[in-house]
Amino acid sequence: MTNGTQSIDRAAEILSLVVKSDSPISYTEVVESTELARSTVSRLLSALERNGLVERDGDGLYRGGSLFATYASRFDRVETLVAAADPTLQRLSEETGETVNLAVPSSTGVVQVAQVDSTFVLGATNWVDVEVPPHCSALGKIMYAFEIIPIPSGRLERRTPHTLGSRKELMDNLAEVRDRGYAIVHEEFEEGLDALAAPVFGLDDRVVAAVGISGPTMRIAAHHEDVGRLLAEEAGLLSRSLKRKVAHR
């Protein structure tokens, strides 16, 4: 066993002991429970504390750190959002028959957190596990347009002849997204595939998610305007619903 792996195992043992304890635990209790050297426990507890995995209370006892609260808070928000958005996704599915997705921003892109499958055999794709560059994704364009994720500089990866290839092209397209109220992707990720998306706003009027529809170009391309208006309307209803839920807490 390497020293690095051994240190990780020991840190994990200490962390597990702290977070599973029914009440904050002392340094001495950690030493006695793990049977590790006092200097080792001190060093590992300090490292865990620096990284937000453990923290000390007013009595100097150790408990789970702020990182756990941050994770739980984010997870709870996503779960609440998915539950609140489900009626919206279902209505969009019934109205269009196409694949409907809900996505939230990540540090550099989007993460799809819910999907209602297409009622058509052609177009029934599970997008939750598919990585799509944001500049050729309708959901991603929403996050770019409303400055929720950083806009890339330089040349952009071209997936098809229709993909936006430069920052200027992307910026011009994003201005149209903001003016129109929804994003359109026309064969930009894959030829024969179109998608649209609209923003979902939170209490502070910042975009917290995007709702999107995707399907074969042959079914969607002639109906961009109608689908886009429907998405914007449903996303607006969801936004207002979320604001009411937060306001009444």
# chains A, B, ... in the order shown; residues from 1 in each chain; ligands from 1
$ select_by_dssp --residues "region 3-54 of chain A" --states "alpha helix (DSSP H)" --output "number ranges by chain"
A: 3-20, 27-34, 38-50
$ residues_around --residues "region 203-212 of chain A" --least-positions-apart "6" --cutoff "9 Å" --atoms "only C-alpha atoms" --output "PyMOL selection string"
chain A and resi 81+85+88-89+99-105+110+138-140+142-143+146-148+183+195-197+231-232+234-235+239-240+242-244+246-247
$ residues_around --residues "Ala221 (chain A)" --least-positions-apart "3" --cutoff "9 Å" --atoms "only C-alpha atoms" --output "PDB file with all heavy atoms, in the first residue's frame"
ATOM      1  N   HIS A 186     -30.494  24.281 -34.705  1.00  0.00           N
ATOM      2  CA  HIS A 186     -30.929  23.651 -35.957  1.00  0.00           C
ATOM      3  C   HIS A 186     -29.765  22.849 -36.524  1.00  0.00           C
ATOM      4  O   HIS A 186     -28.855  23.399 -37.133  1.00  0.00           O
ATOM      5  CB  HIS A 186     -31.392  24.705 -36.957  1.00  0.00           C
ATOM      6  CG  HIS A 186     -31.762  24.159 -38.300  1.00  0.00           C
ATOM      7  ND1 HIS A 186     -32.745  23.205 -38.482  1.00  0.00           N
ATOM      8  CD2 HIS A 186     -31.265  24.431 -39.542  1.00  0.00           C
ATOM      9  CE1 HIS A 186     -32.845  22.911 -39.773  1.00  0.00           C
ATOM     10  NE2 HIS A 186     -31.954  23.644 -40.429  1.00  0.00           N
ATOM     11  N   ASP A 194     -32.995  18.804 -34.153  1.00  0.00           N
ATOM     12  CA  ASP A 194     -33.258  20.181 -33.736  1.00  0.00           C
ATOM     13  C   ASP A 194     -33.641  20.205 -32.261  1.00  0.00           C
ATOM     14  O   ASP A 194     -34.120  19.203 -31.711  1.00  0.00           O
ATOM     15  CB  ASP A 194     -34.398  20.805 -34.556  1.00  0.00           C
ATOM     16  CG  ASP A 194     -33.936  21.297 -35.916  1.00  0.00           C
ATOM     17  OD1 ASP A 194     -32.841  20.887 -36.361  1.00  0.00           O
ATOM     18  OD2 ASP A 194     -34.672  22.078 -36.542  1.00  0.00           O
ATOM     19  N   ALA A 195     -33.446  21.358 -31.633  1.00  0.00           N
ATOM     20  CA  ALA A 195     -33.820  21.504 -30.228  1.00  0.00           C
ATOM     21  C   ALA A 195     -34.137  22.967 -29.937  1.00  0.00           C
ATOM     22  O   ALA A 195     -33.630  23.874 -30.591  1.00  0.00           O
ATOM     23  CB  ALA A 195     -32.701  21.016 -29.318  1.00  0.00           C
ATOM     24  N   PRO A 216     -36.375  15.125 -34.174  1.00  0.00           N
ATOM     25  CA  PRO A 216     -35.901  15.136 -35.560  1.00  0.00           C
ATOM     26  C   PRO A 216     -36.238  16.440 -36.268  1.00  0.00           C
ATOM     27  O   PRO A 216     -37.331  16.985 -36.108  1.00  0.00           O
ATOM     28  CB  PRO A 216     -36.634  13.955 -36.197  1.00  0.00           C
ATOM     29  CG  PRO A 216     -36.992  13.063 -35.055  1.00  0.00           C
ATOM     30  CD  PRO A 216     -37.285  13.983 -33.911  1.00  0.00           C
ATOM     31  N   THR A 217     -35.294  16.928 -37.040  1.00  0.00           N
ATOM     32  CA  THR A 217     -35.480  18.166 -37.805  1.00  0.00           C
ATOM     33  C   THR A 217     -36.736  18.101 -38.662  1.00  0.00           C
ATOM     34  O   THR A 217     -37.482  19.076 -38.764  1.00  0.00           O
ATOM     35  CB  THR A 217     -34.242  18.419 -38.692  1.00  0.00           C
ATOM     36  OG1 THR A 217     -33.094  18.529 -37.855  1.00  0.00           O
ATOM     37  CG2 THR A 217     -34.398  19.679 -39.514  1.00  0.00           C
ATOM     38  N   MET A 218     -36.992  16.942 -39.241  1.00  0.00           N
ATOM     39  CA  MET A 218     -38.127  16.821 -40.159  1.00  0.00           C
ATOM     40  C   MET A 218     -39.463  17.062 -39.452  1.00  0.00           C
ATOM     41  O   MET A 218     -40.445  17.434 -40.091  1.00  0.00           O
ATOM     42  CB  MET A 218     -38.128  15.435 -40.820  1.00  0.00           C
ATOM     43  CG  MET A 218     -38.335  14.291 -39.852  1.00  0.00           C
ATOM     44  SD  MET A 218     -38.328  12.696 -40.702  1.00  0.00           S
ATOM     45  CE  MET A 218     -38.782  11.603 -39.343  1.00  0.00           C
ATOM     46  N   HIS A 224     -40.630  25.769 -35.371  1.00  0.00           N
ATOM     47  CA  HIS A 224     -39.779  26.420 -34.376  1.00  0.00           C
ATOM     48  C   HIS A 224     -40.515  27.516 -33.615  1.00  0.00           C
ATOM     49  O   HIS A 224     -40.447  27.594 -32.384  1.00  0.00           O
ATOM     50  CB  HIS A 224     -38.538  27.020 -35.049  1.00  0.00           C
ATOM     51  CG  HIS A 224     -37.463  26.014 -35.323  1.00  0.00           C
ATOM     52  ND1 HIS A 224     -36.308  26.324 -36.021  1.00  0.00           N
ATOM     53  CD2 HIS A 224     -37.356  24.695 -35.009  1.00  0.00           C
ATOM     54  CE1 HIS A 224     -35.551  25.254 -36.117  1.00  0.00           C
ATOM     55  NE2 HIS A 224     -36.158  24.253 -35.526  1.00  0.00           N
TER      56      HIS A 224
END
$ closest_residue --among "A:Val30, A:Ile151, A:Val116, A:Val19" --to "Ser93 (chain A)" --atoms "only C-alpha atoms"
A:Val116
$ closest_atom_pairs --of "region 62-177 of chain A" --to "region 39-51 of chain A" --cutoff "9 Å" --atoms "only C-alpha atoms" --output "Markdown table"
| residue | atom | partner | partner_atom | distance |
| --- | --- | --- | --- | --- |
| A:Tyr62 | CA | A:Leu45 | CA | 8.8 |
| A:Gly65 | CA | A:Glu49 | CA | 7.2 |
| A:Leu67 | CA | A:Asn51 | CA | 7.9 |
